[in-house]
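What follows is a single structure, written as structure tokens, with notes after it.
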Amino acid sequence: MNASASPDLAEELNASVFANNLDALGLRTRTRELVQGASRRGRVGRLWDGTPVLDLDGRLLGMPNEDLTRTDSGAAVVVFGLGVGHTVRALRSVSDTRILVYEPDPGILRTALESGPTDLGDVDIVCTLSDLAEHWADFSRGRVNATLFKTPGYAEAFPDHERQLTEAVTRLVSRSGVNINTYRARARTWIQDVLDNLDVLCEVPLFQALAGRYKNVPAFIVGAGPSLGKNGELLAEAQKKGIVIAVNSSGRALASYGVEPQVLACMESIDVSHLIADLPFIDRVVRAFALTASPKTFQIGRGPLLPLYEALPEMNAALEELTGQQGLSVCASISTVAFSLAQRLGCSPIVLVGQDLAYTDGRAYARGTVYEDSRVRLNDKAELVLDWCETAKGTHERAESKLRQREPLEEIAAWGGGPSVWSGPSFAPIRMWLEHAAGVLHDALPEVRLVNATEGGAHLDGFEELTLAEVLAPLPEKNITSGSIARDAETVSPLPRAHVLAWLEEQRALAGKVEKAAERMHRLAERAARAVESGKPVRINRTFAALERAEAELKQSARKSRLVETWCFAELNDKKQSAQRTSGNAEADALWAVQHGAELGRLIKISAQELGAAFAHAAERLATKQQRNPKCPS
């Protein structure tokens with residue numbers, strides 16, 4: 001600011017500039033709080049030629065970076081350190097790829113934001129790895145690689161932060177790889193399953209609607225990891241002292257221990273109904289089934305049904321609009337949904353049992369589970385070979401879902417500080433998600449205790465490590481039953497059928513708008529291709545200007561209906577992977593680009609048509625059911 005201004009006026013101007021810049025950037029909540037609470041660090045000075053830099057105790061941060069000539073268009077771009085923004089601006093000059101900045105020092109960010117109006121409103125900036133992880137899915141949009149650029153001076157000033165950021169980005173990219181493969185195989189099925197399961201929302205409330213009802217009630221999240229047997233029988237005592245939430249794969253093991261959980265959770269889009277149909281408690285347990293689960297699963301059991309839904313980025317906004325409830329955070333495992341549900345209900349402590357996240361003792365699952373005969377061995381290439389049992393192979397073959405056969409060995413820290421345990425990339429995203437969730441909860445709700453009582457498998461940062469017996473000893477009995485949970489749910493009204501029908505009509509209309517916009521882009525792209533072939537500059541300019549407007553219109557329509565993009569995810573992703581072409585011939589490249597755009601428009605148009613028809617069919621089914629049974633809530 002103006003050095004000649006009075007101190008009071010200078011501070012007032014700094015505060016005004018800072019407030020305006022905060023509004024322009026739209027920082028994540030935790031990062032915003034840290035920056036607002038930070039004291040200024042360093043000062044903005046100028047080099048001999050007038051170039052601004054940040055002086056931190058005599059160390060210059062953020063010198064102009066001369067090395068940024070290009071970026072990989074298929075990679076997420078992460079910048080270590082903001083400085084005064086030179087690296088970010090240089091990257092923007094060579095690429096239109098979205099950029100995320102990790103600034104390790106909130107005080108430096110505050111200094112930069114007080115130094116003058118920012119031009120970085122389109123850049124994502126975070127100051128914590130928690131915000132980075134939480135924001136990654138929306139930022140990366142499924143990219144399976146990332147490029148890390150370092151603002152000059154930061155690696156030397158913050159070496160630990162550089163290492164931590166590199167490790168975090170590596171893990172996040174790994175998780176994106178898992179997610180993108182899952183989306184390719186399952187995205188369309190998820191939407192169709194939600195539409196097929198919508199009827200239940202007119203009959204019973206979502207489990208999320210009981211938010212806060214079980215404050216300080218212990219929750220025991222029971223997975224099917226190999227170590228489950230060490231605690232199996234103790235879970236009968238846990239059932240008296242809190243809420244035992246079993247996942248579908250651990251249900252049979254609990255039955256073998258004589259334990260009846262209050263809740264059975266399942267989100268499998270493949271049909272696992274035959275694996276839970278004969279559970280002795282299936283007609284009493286609360287069935288916490290995800291809307292994305294196979295509709296056949298919903299037909300199993302007569303126990304209380306309390307559906308839920310996961311906060312999948314591509315579906316969350318639409319389902320939140322429908323239900324009025326926020327989705328539950330998830331990462332590749334029903335155990336993460338169960339953890340999120342327990343937190344939403346207000347439970348504490350949240351205790352992990354049978355959550356090995358590792359191949360403890362060469363086993364993939366606990367004894368007593370449906371997949372107990374699956375084994376893991378190490379081959380001569382230091383790879384883990386998974387020998388799946390016949391039940392696992394048969395279940396996935398019926399669903400045309402491939403089981404992983406091999407994965408790289410990762411030896412990781414063990415629960416309780418014992419010898420390292422075998423794990424692999426398939427478990428890494430879940431471990432990282434749980435550790436991130438622990439960090440967020442410790443900051444936001446420090447009163448919530450998190451305990452890993454698995455007594456085997458992987459160590460998890462942010463969780464106390466206690467045996468289940470140690471956890472249970474001081475707890476009083478609560479005597480919460482599946483029946484009492486069902487009675488609590490009866491105080492919440494299900495969704496009116498008219499509301500669900502209106503939502504379906506709105507989604508159908510949005511898909512229709514995407515269809516029209518995609519058809520227009522397809523038509524104009526074909527026209528632009530003919531213009532390129534004609535070689536007439538005026539015609540080319542006119543058609544390209546119209547095509548650009550059509551593309552903008554399609555993007556705007558698609559933003560209002562991300563379900564369309566999700567529906568055609570596999571096809572679009574395959575096309576995007578081949579979206580870069582450089583032959584050295586400008587005319588040939590331009591022709592290829594518009595032909596590629598025409599094909600994208602065609603694919604999106606077809607998908608929007610299909611999805612619109614799916615919405616219409618679901619609405620017709622609900623309306624017909626109402627006519628056949630007028631007593632159903634309208």
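Here's how to read the names in the structure tokens: chain A, B, ... by the order shown, residue numbers from 1 in each chain, ligand numbers from 1 in the order shown.
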
Quick one: residues within 12 Å of A:Ile412, only C-alpha atoms, excluding same-chain residues fewer than 6 positions away - as a CSV table (one decimal) with N, CA and C atoms, in the first residue's frame?
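Generated file (selection34.csv):
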```csv
chain,number,residue,atom,x,y,z
A,356,ASP,N,-9.0,-53.9,8.9
A,356,ASP,CA,-7.5,-54.1,8.8
A,356,ASP,C,-6.9,-53.2,7.7
A,357,LEU,N,-7.6,-53.1,6.6
A,357,LEU,CA,-7.1,-52.3,5.4
A,357,LEU,C,-5.7,-52.9,5.0
A,358,ALA,N,-5.6,-54.2,5.2
A,358,ALA,CA,-4.3,-54.9,4.9
A,358,ALA,C,-4.7,-56.4,4.8
A,359,TYR,N,-3.7,-57.1,4.3
A,359,TYR,CA,-3.9,-58.6,4.1
A,359,TYR,C,-3.2,-59.3,5.3
A,360,THR,N,-3.8,-59.1,6.5
A,360,THR,CA,-3.2,-59.6,7.7
A,360,THR,C,-3.1,-61.1,7.6
A,418,GLY,N,3.3,-53.1,15.8
A,418,GLY,CA,3.9,-54.4,15.5
A,418,GLY,C,4.6,-54.4,14.2
A,419,PRO,N,5.1,-55.6,13.7
A,419,PRO,CA,5.8,-55.6,12.4
A,419,PRO,C,4.9,-55.1,11.3
A,420,SER,N,5.5,-54.6,10.3
A,420,SER,CA,4.7,-54.1,9.1
A,420,SER,C,3.8,-55.1,8.5
A,421,VAL,N,2.7,-54.7,7.9
A,421,VAL,CA,1.8,-55.6,7.3
A,421,VAL,C,1.6,-55.4,5.8
A,422,TRP,N,1.2,-56.4,5.1
A,422,TRP,CA,1.0,-56.3,3.7
A,422,TRP,C,-0.3,-55.5,3.4
A,423,SER,N,-0.1,-54.6,2.5
A,423,SER,CA,-1.3,-53.9,2.0
A,423,SER,C,-1.0,-53.6,0.5
A,424,GLY,N,-1.9,-52.8,-0.1
A,424,GLY,CA,-1.7,-52.5,-1.5
A,424,GLY,C,-2.5,-51.2,-1.9
A,425,PRO,N,-2.3,-50.8,-3.1
A,425,PRO,CA,-2.9,-49.5,-3.6
A,425,PRO,C,-4.5,-49.5,-3.4
A,427,PHE,N,-6.2,-50.4,-0.9
A,427,PHE,CA,-6.5,-50.0,0.4
A,427,PHE,C,-6.1,-48.6,0.7
A,428,ALA,N,-5.1,-48.1,0.0
A,428,ALA,CA,-4.5,-46.8,0.3
A,428,ALA,C,-5.5,-45.6,0.3
A,431,ARG,N,-7.5,-45.8,3.6
A,431,ARG,CA,-6.6,-45.3,4.7
A,431,ARG,C,-6.5,-43.8,4.8
A,457,GLY,N,-3.8,-55.5,11.4
A,457,GLY,CA,-3.9,-54.6,10.2
A,457,GLY,C,-3.1,-53.3,10.3
A,458,ALA,N,-3.6,-52.3,9.6
A,458,ALA,CA,-2.9,-51.1,9.4
A,458,ALA,C,-3.1,-50.1,10.6
A,459,HIS,N,-2.0,-49.3,10.8
A,459,HIS,CA,-2.1,-48.2,11.7
A,459,HIS,C,-2.8,-47.0,11.0
A,460,LEU,N,-3.6,-46.2,11.7
A,460,LEU,CA,-4.2,-45.1,11.1
A,460,LEU,C,-3.9,-43.9,12.0
```

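Within stretch 6-59 of chain A, DSSP run on the backbone puts these residues in helix (DSSP H, G or I): Pro7, Asp8, Leu9, Ala10, Glu11, Glu12, Leu13, Asn14, Ala15, Ser16, Val17, Phe18, Ala19, Asn20, Asn21, Leu22, Asp23, Ala24, Leu25, Thr29, Arg30, Thr31, Arg32, Glu33, Leu34, Val35, Gln36 and Gly37 of chain A.
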
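With only C-alpha atoms as the atoms that count, the minimum distance from A:Thr189 to the choices A:Ala19, A:Phe569, A:Glu103, A:Ala552 is reached by A:Phe569.
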
Near-A:Gly81 list (7 Å; only C-alpha atoms; drop same-chain fewer than 3 positions) as a short mmCIF file (atom, residue, chain, number, x, y, z; two decimals) with all heavy atoms, in the first residue's frame:
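result_38.cif, freshly written:
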```cif
data_model
loop_
_atom_site.label_atom_id
_atom_site.label_comp_id
_atom_site.auth_asym_id
_atom_site.auth_seq_id
_atom_site.Cartn_x
_atom_site.Cartn_y
_atom_site.Cartn_z
N VAL A 101 -3.26 -24.04 -5.81
CA VAL A 101 -2.05 -23.60 -5.10
C VAL A 101 -2.11 -24.09 -3.66
O VAL A 101 -3.13 -23.91 -2.98
CB VAL A 101 -1.92 -22.07 -5.10
CG1 VAL A 101 -0.71 -21.62 -4.27
CG2 VAL A 101 -1.80 -21.55 -6.53
N TYR A 102 -1.02 -24.74 -3.22
CA TYR A 102 -0.88 -25.08 -1.80
C TYR A 102 0.11 -24.10 -1.19
O TYR A 102 1.30 -24.14 -1.48
CB TYR A 102 -0.39 -26.51 -1.62
CG TYR A 102 -0.10 -26.87 -0.18
CD1 TYR A 102 -1.12 -26.95 0.75
CD2 TYR A 102 1.20 -27.10 0.25
CE1 TYR A 102 -0.87 -27.26 2.08
CE2 TYR A 102 1.47 -27.42 1.58
CZ TYR A 102 0.43 -27.49 2.49
OH TYR A 102 0.69 -27.79 3.80
N GLU A 103 -0.41 -23.18 -0.36
CA GLU A 103 0.43 -22.21 0.33
C GLU A 103 0.60 -22.69 1.77
O GLU A 103 -0.35 -22.69 2.55
CB GLU A 103 -0.22 -20.83 0.30
CG GLU A 103 0.48 -19.78 1.16
CD GLU A 103 1.97 -19.70 0.89
OE1 GLU A 103 2.36 -19.36 -0.24
OE2 GLU A 103 2.74 -19.97 1.84
N PRO A 104 1.82 -23.09 2.15
CA PRO A 104 2.02 -23.69 3.47
C PRO A 104 1.91 -22.72 4.63
O PRO A 104 1.75 -23.14 5.78
CB PRO A 104 3.43 -24.29 3.38
CG PRO A 104 4.13 -23.45 2.37
CD PRO A 104 3.08 -23.08 1.36
N LYS A 150 6.88 -25.85 -8.44
CA LYS A 150 7.35 -25.26 -7.19
C LYS A 150 7.72 -23.79 -7.43
O LYS A 150 8.59 -23.49 -8.25
CB LYS A 150 8.54 -26.03 -6.64
CG LYS A 150 8.23 -27.50 -6.38
CD LYS A 150 9.49 -28.30 -6.10
CE LYS A 150 9.17 -29.78 -6.04
NZ LYS A 150 10.39 -30.61 -5.84
N THR A 151 7.04 -22.92 -6.71
CA THR A 151 7.39 -21.51 -6.78
C THR A 151 8.79 -21.32 -6.21
O THR A 151 9.08 -21.86 -5.13
CB THR A 151 6.36 -20.68 -6.00
OG1 THR A 151 5.11 -20.72 -6.70
CG2 THR A 151 6.80 -19.24 -5.85
N TYR A 154 10.44 -21.78 -2.25
CA TYR A 154 9.58 -22.49 -1.29
C TYR A 154 10.18 -23.82 -0.85
O TYR A 154 10.05 -24.21 0.32
CB TYR A 154 8.18 -22.69 -1.86
CG TYR A 154 7.25 -21.55 -1.57
CD1 TYR A 154 7.29 -20.39 -2.33
CD2 TYR A 154 6.35 -21.61 -0.51
CE1 TYR A 154 6.44 -19.32 -2.07
CE2 TYR A 154 5.51 -20.55 -0.23
CZ TYR A 154 5.56 -19.40 -1.01
OH TYR A 154 4.72 -18.34 -0.73
#
```

Q | stretch 177-353 of chain A: residues DSSP assigns to strand (DSSP E), reported as a list of chain:residue names | A | A:Ala219, A:Phe220, A:Ile221, A:Val222, A:Ile243, A:Val244, A:Ile245, A:Ala246, A:Val247, A:Val263, A:Leu264, A:Ala265, A:Cys266, A:Val286, A:Arg287, A:Ala288, A:Phe289, A:Ile350, A:Val351, A:Leu352, A:Val353
